[in-house]
Structure formats: structure tokens, C-alpha cells
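Source file: my_file.cif (mmCIF, C-alpha atoms)
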```cif
data_protein
#
loop_
_atom_site.label_atom_id
_atom_site.label_comp_id
_atom_site.auth_asym_id
_atom_site.auth_seq_id
_atom_site.Cartn_x
_atom_site.Cartn_y
_atom_site.Cartn_z
CA ASP A 1 0.00 0.00 0.00
CA HIS A 2 1.09 3.53 -0.69
CA PHE A 3 2.02 5.44 2.44
CA PHE A 4 -0.60 8.12 1.77
CA SER A 5 -3.40 5.93 0.41
CA MET A 6 -5.57 6.27 3.53
CA SER A 7 -5.19 10.03 3.93
CA GLN A 8 -8.18 12.33 3.75
CA VAL A 9 -7.51 15.47 1.76
CA PHE A 10 -9.65 18.59 1.54
CA VAL A 11 -9.32 21.96 -0.18
CA ALA A 12 -10.28 25.22 1.50
CA SER A 13 -10.68 28.73 0.16
CA VAL A 14 -10.28 31.59 2.63
CA ARG A 15 -11.47 35.14 2.10
CA ALA A 16 -10.99 38.13 4.37
CA ASN A 17 -14.21 40.10 4.70
CA SER A 18 -13.62 43.82 4.38
CA GLU A 19 -14.75 46.12 7.18
CA GLY A 20 -18.42 46.97 6.82
CA SER A 21 -19.26 44.22 4.34
CA GLY A 22 -21.66 41.38 4.99
CA GLY A 23 -23.05 42.88 8.23
CA SER A 24 -21.39 43.69 11.52
CA ASP A 25 -20.79 40.03 12.43
CA ALA A 26 -18.78 39.38 9.26
CA ALA A 27 -16.88 42.65 9.16
CA GLY A 28 -13.17 41.98 9.50
CA SER A 29 -13.64 38.22 9.80
CA VAL A 30 -12.44 35.43 7.51
CA SER A 31 -14.81 33.24 5.52
CA VAL A 32 -13.78 29.63 5.00
CA LYS A 33 -15.24 27.21 2.47
CA VAL A 34 -14.09 23.57 2.56
CA ARG A 35 -14.69 21.07 -0.23
CA ASN A 36 -13.52 17.55 -0.99
CA LEU A 37 -11.36 16.73 -4.00
CA PRO A 38 -14.32 15.97 -6.29
CA GLY A 39 -15.52 19.53 -5.59
CA GLU A 40 -18.44 18.94 -3.21
CA GLU A 41 -18.75 21.77 -0.70
CA LEU A 42 -18.62 20.38 2.85
CA CYS A 43 -18.94 23.48 5.00
CA ASN A 44 -18.91 27.27 4.90
CA PHE A 45 -18.26 29.27 8.07
CA GLN A 46 -16.85 32.44 9.59
CA MET A 47 -13.51 31.64 11.17
CA GLN A 48 -12.73 32.70 14.75
CA GLY A 49 -9.11 33.85 14.90
CA GLU A 50 -6.39 34.75 12.45
CA THR A 51 -3.87 31.89 12.15
CA LEU A 52 -3.79 28.37 10.75
CA GLN A 53 -3.63 27.17 14.36
CA ASP A 54 -7.00 28.86 14.94
CA LEU A 55 -8.40 27.26 11.80
CA LYS A 56 -7.08 23.85 12.86
CA ARG A 57 -8.78 24.25 16.24
CA GLU A 58 -12.13 24.99 14.61
CA LEU A 59 -11.88 22.15 12.12
CA SER A 60 -10.92 19.72 14.90
CA ASP A 61 -13.73 20.80 17.23
CA PRO A 62 -16.02 17.79 17.92
CA GLN A 63 -18.94 20.22 17.64
CA GLY A 64 -17.44 22.18 14.75
CA PRO A 65 -18.28 22.45 11.05
CA MET A 66 -16.21 19.38 10.07
CA SER A 67 -17.08 17.15 13.03
CA LYS A 68 -18.66 14.49 10.82
CA ARG A 69 -15.70 14.38 8.45
CA LEU A 70 -12.67 14.57 10.72
CA ARG A 71 -11.86 12.09 13.49
CA THR A 72 -8.57 13.58 14.59
CA SER A 73 -6.87 16.88 15.36
CA SER A 74 -3.81 15.74 13.39
CA LEU A 75 -4.20 18.14 10.48
CA ASN A 76 -1.50 19.46 8.20
CA PHE A 77 -1.83 22.46 5.88
CA TYR A 78 -0.33 23.10 2.45
CA THR A 79 -1.23 25.33 -0.48
CA VAL A 80 -2.55 24.31 -3.88
CA ALA A 81 0.35 26.29 -5.35
CA ASP A 82 2.92 24.23 -3.38
CA PRO A 83 1.32 21.03 -1.99
CA SER A 84 4.69 19.59 -0.96
CA LYS A 85 5.55 22.30 1.60
CA GLN A 86 3.85 22.08 4.98
CA LEU A 87 2.73 25.47 6.30
CA ASP A 88 3.59 26.91 9.70
CA LEU A 89 0.55 26.93 11.98
CA GLN A 90 1.35 30.50 13.04
CA LEU A 91 0.79 31.72 9.47
CA GLN A 92 -1.85 34.43 9.15
CA VAL A 93 -4.61 33.09 6.91
CA ARG A 94 -5.20 36.58 5.48
CA THR A 95 -1.78 36.45 3.85
CA LEU A 96 -2.57 33.37 1.77
CA SER A 97 -2.61 33.91 -1.97
CA SER A 98 -3.55 30.33 -2.81
CA GLU A 99 -6.22 27.90 -1.70
CA LEU A 100 -5.36 25.61 1.19
CA VAL A 101 -4.84 21.88 1.01
CA ILE A 102 -5.85 20.24 4.31
CA LYS A 103 -4.57 16.76 4.93
CA GLN A 104 -5.80 14.65 7.81
CA ALA A 105 -2.89 12.74 9.28
CA ASP A 106 -4.12 9.18 9.20
CA VAL A 107 -2.23 7.43 11.97
CA GLU A 108 -5.51 6.35 13.59
CA ASP A 109 -6.63 4.64 10.39
CA TRP A 110 -3.35 2.74 10.16
CA LEU A 111 -3.61 1.72 13.81
CA ASP A 112 -7.04 0.29 13.01
CA LYS A 113 -5.42 -1.71 10.22
CA PHE A 114 -2.49 -2.82 12.41
CA PRO A 115 -4.08 -3.11 15.89
CA ASP A 116 -1.11 -5.04 17.31
CA VAL A 117 1.21 -2.02 16.99
CA GLY A 118 -0.08 -0.49 20.22
CA THR A 119 0.02 -3.88 21.94
CA PHE A 120 3.67 -4.38 20.99
CA LEU A 121 4.71 -0.86 21.95
CA GLU A 122 3.04 -1.16 25.34
CA ALA A 123 4.77 -4.51 25.96
CA MET A 124 8.14 -3.03 24.95
CA ARG A 125 7.62 -0.02 27.21
CA ASP A 126 6.77 -2.29 30.14
CA ASN A 127 9.72 -4.64 29.46
CA LYS A 128 7.45 -7.64 28.90
CA PHE A 129 10.07 -9.15 26.56
CA ASP A 130 13.07 -8.71 28.86
CA PRO A 131 13.79 -11.89 30.88
CA GLU A 132 15.74 -9.79 33.38
CA SER A 133 12.74 -7.58 34.14
CA GLU A 134 10.20 -8.25 36.87
CA ASN A 135 7.53 -7.57 34.22
CA PHE A 136 8.79 -10.33 31.90
CA ASP A 137 5.89 -12.39 30.56
CA VAL A 138 7.06 -15.59 28.88
CA THR A 139 3.49 -16.33 27.75
CA TRP A 140 3.04 -13.00 25.94
CA THR A 141 1.75 -13.06 22.37
CA ALA A 142 0.08 -10.33 20.38
CA LYS A 143 -2.91 -12.61 19.82
CA THR A 144 -3.65 -13.11 23.52
CA ALA A 145 -2.47 -9.76 24.92
CA LYS A 146 -5.03 -7.13 25.86
CA LYS A 147 -5.59 -4.74 22.98
CA VAL A 148 -4.58 -1.12 23.42
CA PRO A 149 -7.19 1.54 22.52
CA VAL A 150 -6.31 3.62 19.46
CA CYS A 151 -6.03 6.85 21.44
CA GLU A 152 -3.45 5.23 23.75
CA ALA A 153 -1.66 3.65 20.81
CA VAL A 154 -1.22 7.09 19.23
CA CYS A 155 0.54 8.27 22.40
CA LEU A 156 2.78 5.19 22.36
CA VAL A 157 3.73 5.88 18.73
CA GLN A 158 4.57 9.47 19.62
CA GLU A 159 6.72 8.24 22.53
CA ALA A 160 8.54 5.82 20.24
CA LEU A 161 9.35 8.65 17.81
CA SER A 162 10.30 11.22 20.43
CA GLY A 163 13.84 12.46 20.10
CA VAL A 164 14.23 11.52 16.44
CA PRO A 165 13.77 13.77 13.38
CA THR A 166 10.20 13.51 12.10
CA HIS A 167 8.00 14.95 9.36
CA ALA A 168 4.26 15.25 8.84
CA ASP A 169 3.74 11.61 7.93
CA SER A 170 6.29 10.00 10.26
CA GLU A 171 3.69 8.50 12.59
CA SER A 172 1.69 6.91 9.78
CA GLN A 173 4.79 5.53 8.11
CA PHE A 174 6.08 4.15 11.40
CA VAL A 175 2.80 2.35 12.11
CA GLN A 176 2.75 0.80 8.64
CA THR A 177 6.36 -0.36 8.77
CA PHE A 178 6.29 -1.54 12.39
CA GLY A 179 2.91 -3.17 11.89
CA LYS A 180 4.09 -5.25 8.94
CA LEU A 181 7.32 -6.25 10.67
CA THR A 182 5.67 -7.33 13.90
CA ALA A 183 2.90 -9.19 12.09
CA GLY A 184 5.56 -11.27 10.35
CA ALA A 185 7.67 -11.63 13.49
CA GLU A 186 4.80 -13.24 15.40
CA THR A 187 4.98 -16.21 13.03
CA TRP A 188 8.72 -16.79 13.58
CA ASN A 189 9.62 -19.50 16.09
CA MET A 190 12.90 -17.74 16.82
CA LEU A 191 10.96 -14.82 18.33
CA HIS A 192 8.73 -16.99 20.49
CA LEU A 193 9.50 -15.96 24.08
CA GLY A 194 9.21 -19.47 25.48
CA MET A 195 11.57 -20.94 22.89
CA LEU A 196 14.10 -18.15 23.35
CA GLN A 197 14.42 -19.03 27.04
CA THR A 198 15.88 -22.42 26.08
CA PHE A 199 18.96 -20.69 24.66
CA ASP A 200 21.98 -19.29 26.48
CA GLY A 201 23.29 -15.73 26.77
CA GLY A 202 21.96 -12.88 24.73
CA MET A 203 19.62 -15.05 22.66
CA ARG A 204 17.19 -15.10 25.56
CA ARG A 205 16.75 -11.32 25.16
CA LEU A 206 16.51 -11.33 21.37
CA LYS A 207 12.89 -10.18 21.22
CA HIS A 208 13.59 -7.42 23.73
#
```
Kindly return the structure encoded in the file as C-alpha cells.
Amino acid sequence: DHFFSMSQVFVASVRANSEGSGGSDAAGSVSVKVRNLPGEELCNFQMQGETLQDLKRELSDPQGPMSKRLRTSSLNFYTVADPSKQLDLQLQVRTLSSELVIKQADVEDWLDKFPDVGTFLEAMRDNKFDPESENFDVTWTAKTAKKVPVCEAVCLVQEALSGVPTHADSESQFVQTFGKLTAGAETWNMLHLGMLQTFDGGMRRLKH
């Protein structure tokens, strides 16, 4: 699968309302229209605030204009003129000369596809694979372990990536790569915790 195949992408046009136009409520505000890629208009609202951070907050609001379309606050902004360059969230929307491209970071969707990622990361954090740890669980398998809720799994992914250089899609790419690797690893006898304990030395800690 392509890394971005599960992303949701929207296009937004923003227009600053001139003072005195459109009634007192609209004067000086910013109008935002959001549509999907086929061109269907999804919402049209007066934005509260001036920056992309303010726009992100409104779009991510569970009671906001895009509540039925967006399931996460992980939004990244680009322009139609340069869709490869992520915009700074402190950018003033009034300064935009091109329509916005809004991409929903899709780490939650990939965690739904690879539900064992959170389970593995939690076990690694708690040293379940380390025979020298008091938390070592020789019976642990991804199949029998308690599943980690997606919201907690997102936090575990962010912890795993903390301290390393990242970009807008790092979390999604990590989940895909780690998910495929661990799915395969669970079928390998050499990574079965019980079998590893029959070996000497460092082999016992191989999975850790």
C-alpha cells in the first residue's frame, strides 16, 4: 500500500471580509469554504481567529463544522500552489494567496489496520520481553495480549518517535512499517519468548 493511500484530503478557500461588508458580524472576519477533492462543498463558516492554528482548532472541534468528516486533530496544511511544503501553523490566513490543502494525518486509520502495533509498543515499554525484568511475561503473544485503545496507541507511537527527526507523515509511516514487521515476526519461532528461554546468553533477550 502507498504510504498516503488512507489520507483524507480537503481543499479550502479563505477570504478576508472587508470592514463593513456582509453585516457587523462578518466585518473583519475570515470566511472559510471547505470542499472535498471531487468539488463537493462540505462546510462554509466564519472563522474565529487569524492563524492556521486557529483554523485547525475549529476544524478539529467535535462540535465544529467538520465534526462528521474529521476524526482527529492531526491536520497538516499546504497550499494548492505548493502542496509539498507544509505550512507553519502561526501563518496568518489573510496572507494566503492560494487555496489551502488540508490533509488529515491518518495514523488512527493505520492503527485500526495494524491493531497489534499499540500492543507491541506497550509490551516493549513495560519490558514484557526482557527476561531480566520483573515484568517479563514468557506467555506474551500479540494474539492473547489485551488490545490497546487507538487513542493510547497514538501516544505510544509518539513516545517511540520522540527524540528523532520527524516529518508530517512519520507517525503513519512508522505504524505501517512496524505493523508489517511485527505481524511477520509473530509467526517466527525464533521470536517466540518461550523458545528463546531455552537458549543461552543474549539469545534469551533477542525479542527485547
Please tell me which residues are no farther than 8 Å from (-5.2, 32.7, 12.5) in the file, counting all atoms listed in the file, and write them as a ChimeraX atom specification.
/A:48-55,90-93
I'd like the interatomic distance between atom CA of Lys128 of chain A and atom CA of Gln176 of chain A, to a tenth of an Å.
22.4 Å
Pick the closest to Glu58 of chain A from A:Asp82, A:Val9, A:Leu75, A:Ser98: which is it, counting all atoms listed in the file?
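Distance minimum relative to Glu58 of chain A lands on A:Leu75.
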Between atom CA of Gln8 of chain A and atom CA of Lys33 of chain A, what is the distance, to one decimal in Å?
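Spanning atom CA of Gln8 of chain A to atom CA of Lys33 of chain A is a straight-line distance of 16.5 Å.
Taking atom CA of Phe174 of chain A as the reference point, atom CA of Gln158 of chain A is found at 9.9 Å.
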Hey, what's within 8 Å of segment 151-157 of chain A if we count all atoms listed in the file and toss same-chain stuff fewer than 6 positions away? As a VMD selection string, please?
chain A and resid 107 to 108 111 117 to 119 121 to 122 171 174 to 175
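Taking all atoms listed in the file into account, Arg69 of chain A lies nearest to A:Gln104 out of the set A:Glu134, A:Thr95, A:Gln104, A:Lys56.
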Go ahead and find all residues with at least one atom no further than 12 Å from (4.9, -10.3, 11.5) in the file's coordinates, using all atoms listed in the file; report them as an MDAnalysis selection string.
chainID A and resid 114 116:117 120 141:143 176:189 191:192
Let me make sure I understand: among A:Glu41, A:Asp61, A:Glu99, A:Asp106, which one has the smallest atom-to-atom distance to Pro83 of chain A if we use all atoms listed in the file?
A:Glu99
Show me, as a ChimeraX atom specification, the residues that have an atom within 12 Å of Val11 of chain A when counting only C-alpha atoms, minus same-chain residues fewer than 6 positions from it.
/A:32-43,76-81,83,98-104
Write segment 88-114 of chain A as an mmCIF file, keeping the file's coordinate frame, completed to N, CA, C and O atoms.
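The resulting file, out.cif, is reproduced below:
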```cif
data_model
loop_
_atom_site.group_PDB
_atom_site.id
_atom_site.type_symbol
_atom_site.label_atom_id
_atom_site.label_comp_id
_atom_site.auth_asym_id
_atom_site.auth_seq_id
_atom_site.Cartn_x
_atom_site.Cartn_y
_atom_site.Cartn_z
ATOM 1 N N ASP A 88 3.467 26.633 8.271
ATOM 2 C CA ASP A 88 3.590 26.910 9.700
ATOM 3 C C ASP A 88 2.219 27.267 10.256
ATOM 4 O O ASP A 88 1.493 28.079 9.673
ATOM 5 N N LEU A 89 1.864 26.687 11.399
ATOM 6 C CA LEU A 89 0.550 26.930 11.980
ATOM 7 C C LEU A 89 0.369 28.361 12.484
ATOM 8 O O LEU A 89 -0.754 28.783 12.750
ATOM 9 N N GLN A 90 1.455 29.107 12.616
ATOM 10 C CA GLN A 90 1.350 30.500 13.040
ATOM 11 C C GLN A 90 1.108 31.447 11.859
ATOM 12 O O GLN A 90 0.967 32.665 12.053
ATOM 13 N N LEU A 91 1.023 30.896 10.662
ATOM 14 C CA LEU A 91 0.790 31.720 9.470
ATOM 15 C C LEU A 91 -0.572 32.402 9.536
ATOM 16 O O LEU A 91 -1.569 31.790 9.898
ATOM 17 N N GLN A 92 -0.598 33.679 9.196
ATOM 18 C CA GLN A 92 -1.850 34.430 9.150
ATOM 19 C C GLN A 92 -2.620 34.033 7.896
ATOM 20 O O GLN A 92 -2.102 34.122 6.783
ATOM 21 N N VAL A 93 -3.847 33.576 8.066
ATOM 22 C CA VAL A 93 -4.610 33.090 6.910
ATOM 23 C C VAL A 93 -4.897 34.203 5.909
ATOM 24 O O VAL A 93 -5.064 33.952 4.715
ATOM 25 N N ARG A 94 -4.935 35.448 6.378
ATOM 26 C CA ARG A 94 -5.200 36.580 5.480
ATOM 27 C C ARG A 94 -4.090 36.772 4.450
ATOM 28 O O ARG A 94 -4.303 37.421 3.418
ATOM 29 N N THR A 95 -2.907 36.249 4.756
ATOM 30 C CA THR A 95 -1.780 36.450 3.850
ATOM 31 C C THR A 95 -1.727 35.412 2.726
ATOM 32 O O THR A 95 -0.890 35.522 1.829
ATOM 33 N N LEU A 96 -2.608 34.445 2.767
ATOM 34 C CA LEU A 96 -2.570 33.370 1.770
ATOM 35 C C LEU A 96 -3.021 33.884 0.404
ATOM 36 O O LEU A 96 -4.034 34.560 0.279
ATOM 37 N N SER A 97 -2.253 33.529 -0.610
ATOM 38 C CA SER A 97 -2.610 33.910 -1.970
ATOM 39 C C SER A 97 -3.067 32.710 -2.790
ATOM 40 O O SER A 97 -3.344 32.829 -3.979
ATOM 41 N N SER A 98 -3.140 31.557 -2.146
ATOM 42 C CA SER A 98 -3.550 30.330 -2.810
ATOM 43 C C SER A 98 -4.513 29.574 -1.913
ATOM 44 O O SER A 98 -4.547 29.778 -0.693
ATOM 45 N N GLU A 99 -5.331 28.727 -2.505
ATOM 46 C CA GLU A 99 -6.220 27.900 -1.700
ATOM 47 C C GLU A 99 -5.404 26.939 -0.844
ATOM 48 O O GLU A 99 -4.275 26.573 -1.169
ATOM 49 N N LEU A 100 -6.011 26.527 0.267
ATOM 50 C CA LEU A 100 -5.360 25.610 1.190
ATOM 51 C C LEU A 100 -5.648 24.167 0.831
ATOM 52 O O LEU A 100 -6.754 23.832 0.407
ATOM 53 N N VAL A 101 -4.646 23.319 1.039
ATOM 54 C CA VAL A 101 -4.840 21.880 1.010
ATOM 55 C C VAL A 101 -4.751 21.409 2.461
ATOM 56 O O VAL A 101 -3.778 21.696 3.155
ATOM 57 N N ILE A 102 -5.791 20.726 2.929
ATOM 58 C CA ILE A 102 -5.850 20.240 4.310
ATOM 59 C C ILE A 102 -5.763 18.726 4.282
ATOM 60 O O ILE A 102 -6.615 18.059 3.691
ATOM 61 N N LYS A 103 -4.754 18.207 4.915
ATOM 62 C CA LYS A 103 -4.570 16.760 4.930
ATOM 63 C C LYS A 103 -4.731 16.242 6.355
ATOM 64 O O LYS A 103 -4.087 16.725 7.274
ATOM 65 N N GLN A 104 -5.623 15.282 6.515
ATOM 66 C CA GLN A 104 -5.800 14.650 7.810
ATOM 67 C C GLN A 104 -4.746 13.578 7.985
ATOM 68 O O GLN A 104 -4.689 12.617 7.227
ATOM 69 N N ALA A 105 -3.881 13.771 8.972
ATOM 70 C CA ALA A 105 -2.890 12.740 9.280
ATOM 71 C C ALA A 105 -3.631 11.481 9.700
ATOM 72 O O ALA A 105 -4.510 11.525 10.549
ATOM 73 N N ASP A 106 -3.277 10.356 9.116
ATOM 74 C CA ASP A 106 -4.120 9.180 9.200
ATOM 75 C C ASP A 106 -3.556 8.081 10.097
ATOM 76 O O ASP A 106 -3.771 6.902 9.852
ATOM 77 N N VAL A 107 -2.827 8.448 11.115
ATOM 78 C CA VAL A 107 -2.230 7.430 11.970
ATOM 79 C C VAL A 107 -3.292 6.557 12.629
ATOM 80 O O VAL A 107 -3.100 5.347 12.794
ATOM 81 N N GLU A 108 -4.454 7.148 12.974
ATOM 82 C CA GLU A 108 -5.510 6.350 13.590
ATOM 83 C C GLU A 108 -6.022 5.270 12.654
ATOM 84 O O GLU A 108 -6.302 4.140 13.062
ATOM 85 N N ASP A 109 -6.160 5.622 11.355
ATOM 86 C CA ASP A 109 -6.630 4.640 10.390
ATOM 87 C C ASP A 109 -5.652 3.476 10.261
ATOM 88 O O ASP A 109 -6.051 2.316 10.165
ATOM 89 N N TRP A 110 -4.354 3.801 10.273
ATOM 90 C CA TRP A 110 -3.350 2.740 10.160
ATOM 91 C C TRP A 110 -3.300 1.899 11.430
ATOM 92 O O TRP A 110 -3.046 0.686 11.376
ATOM 93 N N LEU A 111 -3.558 2.497 12.570
ATOM 94 C CA LEU A 111 -3.610 1.720 13.810
ATOM 95 C C LEU A 111 -4.812 0.785 13.823
ATOM 96 O O LEU A 111 -4.769 -0.291 14.418
ATOM 97 N N ASP A 112 -5.896 1.195 13.157
ATOM 98 C CA ASP A 112 -7.040 0.290 13.010
ATOM 99 C C ASP A 112 -6.652 -0.903 12.139
ATOM 100 O O ASP A 112 -7.088 -2.034 12.387
ATOM 101 N N LYS A 113 -5.837 -0.642 11.121
ATOM 102 C CA LYS A 113 -5.420 -1.710 10.220
ATOM 103 C C LYS A 113 -4.384 -2.617 10.864
ATOM 104 O O LYS A 113 -4.341 -3.823 10.600
ATOM 105 N N PHE A 114 -3.519 -2.043 11.717
ATOM 106 C CA PHE A 114 -2.490 -2.820 12.410
ATOM 107 C C PHE A 114 -2.693 -2.672 13.927
ATOM 108 O O PHE A 114 -1.928 -1.989 14.610
#
```
